[in-house]
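Report on one structure; see the data block that follows.
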Amino acid sequence: MLQTRVDSGLDGVIVADTVMSEVDGEAGRLVVRGHGLEELVAHRGFEGVAALLWTGHGEGGGDETAVREGLAAARVRAFADVPRLLAATAALSPIEALRVGIGMLADSDPMPHHYLVCGAMPVFLTALLNARRGLSAIAPDPALTTAQDFLRMLRGQRAGAVFEKGLDTYLATVADHGFNASTFTARVVASTRAGLISAVLAGLCALKGPLHGGAPGPVLDMLDEIGDAARAEAWFDDAFAKGVRLMGFGHRVYKVRDPRADVLKAAVATLPSTAGRLAFAAAVEKGAIAALRRHKPGQRLETNVEYYTALLLEALDVPREAFTALFAVGRAAGWCAHIFEQEKGGRIIRPQSNYIGPRPQ
């Protein structure tokens, strides 16, 4: 007889040991391989965080220069697949099309697969977005970092150091975050030895959901609908009366403010012509927190990463429909790290269920 206590969300259930990251929900702290988030993004870009996560696992792990070169080579390699990808995905959204692109990568490809998937994502995504605007795909420049090259391929020219730094900060910030839904999904698939590409694809599918990586776009929809900070209080009261879910607030683990929100808010503040938009968003945020206190007094709901992600990606001229796919560009580094860790020491993940259906007579 199995235990009858069921936790459908696995809250508090420890399924593995990990050296990748720790999410301290009570203190509002994120630690990535021994480094606090604020210190990490101040001194390392996306390639540096990827190298840190991959330390002891896979080619280039621990060597930022090697990782930068490996990802650059993978971008060049992936560009050859762009015509086939565009031909197959004309009617799909960016995240659906990216899902197809990763699925097209072969398990037999000789390039190290963590480089292959992490290099392919920015190339595929910019090509898909350009095609939606009637523009040709732009070949990657292997001399650039992932953030630099993404913005160049999207815009047709270098974006400027402050914008490139903003995107680099974002990709580094979201690279890993404990056993979130998409990372756990990737580890489950990795535990079957299906291979890194299949595990990353599974993680991408989990990230697509609006309760996980699909929320930043709706944050902007909410801000647009509010329109004026003076309308925020009435808008939130009406939203709660209608049972509307507030995007950008509340987190499954954090019981205080998400530390990533402050990192990304600071990144927005460095970009030109964002002061008015940032002030408006901050005022709306204040109104949202006050409304949450009134309407949900027993819950600890604070600003999460998606709120200022929306502001940052908007300021970088990334289309809203691409926000979740760009999230995947950063998170793929963490997925790969967890896949390595799971394959190295983990058993197949096979939980039990509590059967409550009918019994044979």
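Chain identifiers are assigned as A, B, and so on, following the order in which chains appear in the structure tokens; residues are numbered from 1 within each chain, and ligands are numbered from 1 in order of appearance.
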Open item on the list: Just want the 12 Å neighbourhood of Ala232 (chain A), counted on only C-alpha atoms, with same-chain residues fewer than 2 positions away dropped. Output as a PyMOL selection string.
Closed with: chain A and resi 222-230+234-239+280-291
Task: Test item, alpha helix (DSSP H) assignment across region 100-226 of chain A, answer as an NGL selection string - done: :A and (100-103 or 113-132 or 146-155 or 161-173 or 181-191 or 196-207 or 216-226)
Task: Which of A:Cys118, A:Ala202, A:Ala161, A:Val263 sits closest to Arg29 (chain A) [using only C-alpha atoms] - done: A:Val263
TODO: Excluding Leu151 (chain A) and any residue of its chain fewer than 6 positions from it, enumerate the residues within 12 Å of it, using only C-alpha atoms, and give them as a PyMOL selection string.
DONE: chain A and resi 122-123+125-127+129-130+138+140-141+144-145+157-168+313+316-318+326
Could you save the residues just selected, with N, CA and C atoms, as a compact mmCIF listing (two decimals), in the first residue's frame?
# COMPACT_ATOMS: atom_id res chain seq x y z
N PRO A 122 19.70 31.17 -30.81
CA PRO A 122 19.66 32.57 -31.23
C PRO A 122 19.64 32.74 -32.75
N VAL A 123 20.30 31.84 -33.48
CA VAL A 123 20.29 31.91 -34.93
C VAL A 123 18.90 31.61 -35.47
N LEU A 125 16.02 31.80 -33.88
CA LEU A 125 15.02 32.77 -33.45
C LEU A 125 15.11 34.07 -34.26
N THR A 126 16.31 34.59 -34.47
CA THR A 126 16.41 35.83 -35.25
C THR A 126 15.99 35.60 -36.69
N ALA A 127 16.33 34.45 -37.27
CA ALA A 127 15.91 34.16 -38.64
C ALA A 127 14.38 34.10 -38.73
N LEU A 129 12.19 35.61 -36.73
CA LEU A 129 11.62 36.94 -36.55
C LEU A 129 11.83 37.80 -37.78
N ASN A 130 12.98 37.68 -38.42
CA ASN A 130 13.21 38.44 -39.65
C ASN A 130 12.26 37.99 -40.75
N ILE A 138 20.10 36.80 -41.34
CA ILE A 138 21.45 37.37 -41.34
C ILE A 138 22.41 36.36 -40.73
N PRO A 140 25.43 34.67 -38.78
CA PRO A 140 26.09 35.03 -37.52
C PRO A 140 27.52 35.49 -37.73
N ASP A 141 28.01 36.23 -36.75
CA ASP A 141 29.40 36.70 -36.74
C ASP A 141 30.11 35.99 -35.58
N LEU A 144 31.62 37.63 -32.26
CA LEU A 144 30.80 38.30 -31.25
C LEU A 144 30.31 37.32 -30.19
N THR A 145 29.83 37.87 -29.08
CA THR A 145 29.19 37.07 -28.05
C THR A 145 27.76 36.74 -28.48
N GLN A 157 22.48 45.35 -37.76
CA GLN A 157 23.70 46.08 -37.42
C GLN A 157 23.91 45.99 -35.90
N ARG A 158 25.12 46.31 -35.45
CA ARG A 158 25.41 46.27 -34.01
C ARG A 158 24.48 47.22 -33.28
N ALA A 159 24.05 46.81 -32.11
CA ALA A 159 23.04 47.57 -31.38
C ALA A 159 23.62 48.66 -30.50
N GLY A 160 24.89 48.60 -30.20
CA GLY A 160 25.47 49.52 -29.24
C GLY A 160 25.74 48.83 -27.93
N ALA A 161 26.82 49.22 -27.27
CA ALA A 161 27.30 48.49 -26.10
C ALA A 161 26.27 48.42 -24.98
N VAL A 162 25.52 49.49 -24.74
CA VAL A 162 24.60 49.50 -23.60
C VAL A 162 23.45 48.51 -23.83
N PHE A 163 22.99 48.40 -25.08
CA PHE A 163 21.93 47.44 -25.38
C PHE A 163 22.45 46.00 -25.33
N GLU A 164 23.65 45.80 -25.85
CA GLU A 164 24.24 44.47 -25.79
C GLU A 164 24.47 44.02 -24.36
N LYS A 165 24.89 44.94 -23.50
CA LYS A 165 25.07 44.61 -22.10
C LYS A 165 23.73 44.27 -21.45
N GLY A 166 22.69 45.00 -21.82
CA GLY A 166 21.37 44.72 -21.27
C GLY A 166 20.90 43.31 -21.59
N LEU A 167 21.07 42.89 -22.85
CA LEU A 167 20.66 41.53 -23.21
C LEU A 167 21.56 40.50 -22.57
N ASP A 168 22.87 40.78 -22.49
CA ASP A 168 23.80 39.85 -21.85
C ASP A 168 23.43 39.64 -20.39
N LEU A 313 13.08 43.62 -22.30
CA LEU A 313 13.02 43.12 -23.67
C LEU A 313 12.27 44.09 -24.58
N LEU A 316 14.69 46.63 -25.63
CA LEU A 316 15.65 46.09 -26.60
C LEU A 316 15.00 45.84 -27.96
N ASP A 317 13.73 46.21 -28.11
CA ASP A 317 12.98 46.06 -29.37
C ASP A 317 12.78 44.60 -29.76
N VAL A 318 12.70 43.72 -28.77
CA VAL A 318 12.37 42.33 -29.04
C VAL A 318 10.85 42.22 -29.10
N LEU A 326 13.11 33.79 -26.36
CA LEU A 326 14.38 34.38 -25.93
C LEU A 326 14.74 33.92 -24.52
For the interface of region 26-137 of chain A with region 244-259 of chain A (cut-off 10 Å, counting only C-alpha atoms), please tabulate each contacting residue of region 26-137 of chain A alongside its nearest pair of atoms and their separation in Å to one decimal, rows sorted by chain and increasing number, as a tab-separated table.
residue	atom	partner	partner_atom	distance
A:Glu26	CA	A:Lys255	CA	5.4
A:Ala27	CA	A:Val256	CA	7.0
A:Gly28	CA	A:Val256	CA	5.6
A:Arg29	CA	A:Pro259	CA	6.1
A:Leu30	CA	A:Pro259	CA	7.1
A:Leu37	CA	A:Pro259	CA	7.8
A:Glu38	CA	A:Pro259	CA	8.4
